[in-house]
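S.K.: I'd like to ask some things about the structure below.
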Amino acid sequence: MVPTATNTAPDLLTSLGFSGLVRFDAVDWEAIPAQPGVYAVFDREECLYVGMAGRDGAGTLRKRLRDHSTGQVVNMFAQYLFLARVQFLSEERITHPRAAKVACRGYIVERCSFRYLVVGTAAEARTLEGRLKQELSPALNGSGSAPDP
């Protein structure tokens with residue numbers, strides 16, 4: 001069998017020490033570390049997005065992942081998710097930002113989960129984020145894409 005991002009992601013993330021899978025619809029936010037780190041978001045089995053928390057020295061995994069869970073289209077994850085998937089699920093065209101947020105939030109809660117790894121510094125997080133983007137080719141930020149702001 002040819003390795004794919006879908007069937008290699010769990011093994012790779014486990015070998016690196018990532019957390020177990022956490023569903024957005026069942027997360028206990030107090031259990032998510034308030035530290036810098038790297039995370040991978042999944043749409044069911046597919047690695048959808050890889051990101052990092054702590055780039056500005058103040059960000060944490062808890063804040064970043066909670067922000068993603070809201071579906072607000074002001075963050076890059078939700079923008080990518082809306083443009084690549086969510087907008088095509090509705091029979092009516094979604095034209096208002098509030099409607100886009102509600103649609104993204106519903107998609108995230110229904111289908112998405114994440115894994116994370118705490119790291120010591122933003123530089124470590126940036127390096128690991130880049131490696132995972134290359135190796136996993138996540139659907140929404142793909143191989144070789146620039147890190148998100």
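Chain labels run A, B, ... following the order of the structure tokens; each chain numbers its residues from 1, and ligands are numbered from 1 in the order shown.
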How would you write, as number ranges by chain, the set of residues in chain A that DSSP gives as strand (DSSP E)?

M.R.: A: 22-23, 37-43, 46-53, 112-118

S.K.: Would you mind listing what lies within 12 Å of range 13-23 of chain A as a short mmCIF file (atom, residue, chain, number, x, y, z; two decimals) with C-alpha atoms, in the first residue's frame, with only C-alpha atoms counted and same-chain residues fewer than 2 positions away left out?

M.R.:
data_model
loop_
_atom_site.label_atom_id
_atom_site.label_comp_id
_atom_site.auth_asym_id
_atom_site.auth_seq_id
_atom_site.Cartn_x
_atom_site.Cartn_y
_atom_site.Cartn_z
CA ALA A 5 -1.33 11.68 4.40
CA THR A 6 -4.44 9.92 5.68
CA ASN A 7 -2.80 6.68 6.73
CA THR A 8 0.58 8.08 7.80
CA ALA A 9 -0.61 11.02 9.93
CA PRO A 10 -1.64 8.99 13.00
CA ASP A 11 1.61 7.00 13.00
CA ASP A 25 -17.60 18.66 19.94
CA ALA A 26 -16.33 17.09 23.18
CA VAL A 27 -13.24 19.12 24.10
CA ASP A 28 -12.53 20.16 27.68
CA TRP A 29 -10.71 23.44 27.02
CA ALA A 31 -7.35 20.20 29.59
CA ILE A 32 -5.68 21.75 26.52
CA PRO A 33 -2.29 23.23 27.47
CA GLY A 37 2.89 24.05 20.32
CA VAL A 38 1.92 22.48 17.03
CA TYR A 39 -1.42 20.96 16.11
CA ALA A 40 -3.06 19.02 13.31
CA VAL A 41 -6.79 19.30 12.55
CA PHE A 42 -8.62 16.38 10.96
CA ASP A 43 -11.82 16.11 8.97
CA ARG A 44 -12.77 12.62 10.05
CA GLU A 45 -9.67 10.63 8.94
CA CYS A 47 -5.38 15.62 7.84
CA VAL A 50 -1.42 21.94 10.41
CA LEU A 61 -2.57 25.84 22.01
CA LEU A 65 -7.57 25.78 18.95
CA ARG A 66 -10.49 27.41 20.77
CA SER A 69 -13.44 25.97 17.00
CA ILE A 108 -16.12 21.77 12.71
CA VAL A 109 -18.29 20.43 15.52
CA GLU A 110 -19.80 17.69 13.38
CA ARG A 111 -16.70 16.46 11.56
CA CYS A 112 -13.42 17.76 12.98
CA SER A 113 -10.93 16.75 15.65
CA PHE A 114 -7.34 17.64 16.48
CA ARG A 115 -4.07 16.42 17.97
CA TYR A 116 -1.42 18.64 19.54
CA LEU A 117 2.12 18.67 20.88
CA VAL A 118 3.56 21.15 23.36
CA VAL A 119 7.00 22.49 22.38
CA LEU A 128 7.92 21.19 13.31
CA GLU A 129 4.96 22.91 11.65
CA ARG A 131 8.04 19.56 8.58
CA LEU A 132 4.48 18.35 9.13
CA GLU A 135 5.17 15.33 5.19
CA LEU A 136 1.39 15.32 5.62
#

S.K.: I want to know what sits within 8 Å of range 76-78 of chain A, based on only C-alpha atoms, with residues of the same chain fewer than 5 positions away left out; could you give that as a compact mmCIF listing (two decimals) with N, CA and C atoms, in the first residue's frame?

M.R.:
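And here is the file that came out, out_9.txt:
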# COMPACT_ATOMS: atom_id res chain seq x y z
N TYR A 49 -5.43 20.35 8.26
CA TYR A 49 -4.72 21.60 8.52
C TYR A 49 -3.65 21.37 9.59
N HIS A 68 -10.06 28.44 16.58
CA HIS A 68 -10.45 27.67 15.40
C HIS A 68 -11.83 27.06 15.57
N GLY A 71 -15.25 28.89 14.28
CA GLY A 71 -15.67 29.01 12.89
C GLY A 71 -15.59 30.43 12.36
N CYS A 104 -19.44 27.19 9.26
CA CYS A 104 -18.11 26.65 9.60
C CYS A 104 -18.13 25.99 10.97
N LEU A 140 -5.85 21.80 3.54
CA LEU A 140 -6.11 23.24 3.54
C LEU A 140 -4.87 24.11 3.55
N ASP A 148 1.09 30.35 8.72
CA ASP A 148 0.04 31.34 8.91
C ASP A 148 0.50 32.44 9.86

S.K.: Would you tabulate, counting only C-alpha atoms, all residues of range 11-59 of chain A that have an atom at most 10 Å from an atom of range 122-125 of chain A, showing the closest pair of atoms and their distance in Å to one decimal, sorted by chain then ascending number, as a tab-separated table?

M.R.:
residue	atom	partner	partner_atom	distance
A:Pro36	CA	A:Ala122	CA	6.8
A:Gly37	CA	A:Ala125	CA	5.6
A:Val38	CA	A:Ala125	CA	5.7
A:Tyr39	CA	A:Ala125	CA	9.4
A:Gly51	CA	A:Ala125	CA	8.8
A:Met52	CA	A:Ala125	CA	6.1
A:Ala53	CA	A:Ala125	CA	7.6
A:Gly54	CA	A:Ala122	CA	5.6
A:Arg55	CA	A:Ala122	CA	5.3
A:Asp56	CA	A:Ala122	CA	7.9
A:Gly57	CA	A:Ala122	CA	7.1
A:Ala58	CA	A:Ala122	CA	10.0
A:Gly59	CA	A:Ala122	CA	9.5

S.K.: Can you tell me how far CA of Tyr80 in chain A sits from CA of Glu30 in chain A, in Å to one decimal?

M.R.: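 Pair CA of Tyr80 in chain A / CA of Glu30 in chain A returns 26.8 Å.
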
S.K.: Considering only C-alpha atoms, state which residue in the set A:Leu48, A:Ala139, A:Val73, A:Gln87 is at the smallest distance from Lys101 in chain A.

M.R.: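 Checking each of A:Leu48, A:Ala139, A:Val73, A:Gln87 against Lys101 in chain A, counting only C-alpha atoms, the winner is A:Val73.
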
S.K.: What lies within 10 Å of Val102 in chain A using only C-alpha atoms, ignoring chain neighbours under 3 positions off, as a ChimeraX atom specification?

M.R.: /A:70-73,97-99,105-108

S.K.: Once you have the residues from the selection above, write them out as a PDB file, in the first residue's frame, restricted to N, CA and C atoms.

M.R.:
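Heads up, here's the output in selection36.pdb:
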ATOM      1  N   THR A  70     -14.450  28.187  16.819  1.00  0.00           N
ATOM      2  CA  THR A  70     -15.573  29.117  16.681  1.00  0.00           C
ATOM      3  C   THR A  70     -16.098  29.212  15.263  1.00  0.00           C
ATOM      4  N   GLY A  71     -15.253  28.888  14.280  1.00  0.00           N
ATOM      5  CA  GLY A  71     -15.666  29.006  12.888  1.00  0.00           C
ATOM      6  C   GLY A  71     -15.586  30.430  12.362  1.00  0.00           C
ATOM      7  N   GLN A  72     -15.030  31.348  13.151  1.00  0.00           N
ATOM      8  CA  GLN A  72     -14.929  32.748  12.695  1.00  0.00           C
ATOM      9  C   GLN A  72     -14.057  32.823  11.456  1.00  0.00           C
ATOM     10  N   VAL A  73     -14.568  33.389  10.404  1.00  0.00           N
ATOM     11  CA  VAL A  73     -13.822  33.435   9.157  1.00  0.00           C
ATOM     12  C   VAL A  73     -12.732  34.505   9.145  1.00  0.00           C
ATOM     13  N   PRO A  97     -21.138  37.150   6.584  1.00  0.00           N
ATOM     14  CA  PRO A  97     -20.115  36.575   7.466  1.00  0.00           C
ATOM     15  C   PRO A  97     -20.690  35.783   8.647  1.00  0.00           C
ATOM     16  N   ARG A  98     -21.806  36.239   9.208  1.00  0.00           N
ATOM     17  CA  ARG A  98     -22.407  35.497  10.329  1.00  0.00           C
ATOM     18  C   ARG A  98     -22.884  34.118   9.887  1.00  0.00           C
ATOM     19  N   ALA A  99     -23.459  34.053   8.715  1.00  0.00           N
ATOM     20  CA  ALA A  99     -23.918  32.762   8.190  1.00  0.00           C
ATOM     21  C   ALA A  99     -22.726  31.848   7.884  1.00  0.00           C
ATOM     22  N   ARG A 105     -18.736  26.652  11.931  1.00  0.00           N
ATOM     23  CA  ARG A 105     -18.817  26.095  13.287  1.00  0.00           C
ATOM     24  C   ARG A 105     -19.542  24.748  13.268  1.00  0.00           C
ATOM     25  N   GLY A 106     -20.633  24.653  12.547  1.00  0.00           N
ATOM     26  CA  GLY A 106     -21.356  23.395  12.440  1.00  0.00           C
ATOM     27  C   GLY A 106     -20.513  22.290  11.826  1.00  0.00           C
ATOM     28  N   TYR A 107     -19.778  22.633  10.786  1.00  0.00           N
ATOM     29  CA  TYR A 107     -18.914  21.658  10.111  1.00  0.00           C
ATOM     30  C   TYR A 107     -17.835  21.173  11.075  1.00  0.00           C
ATOM     31  N   ILE A 108     -17.198  22.103  11.776  1.00  0.00           N
ATOM     32  CA  ILE A 108     -16.118  21.773  12.707  1.00  0.00           C
ATOM     33  C   ILE A 108     -16.629  20.855  13.816  1.00  0.00           C
TER      34      ILE A 108
END

S.K.: Would you please extract all alpha helix (DSSP H) residues from range 23-137 of chain A, as assigned by DSSP on the backbone, and give them as number ranges by chain?

M.R.: A: 61-69, 76-84, 97-111, 122-136
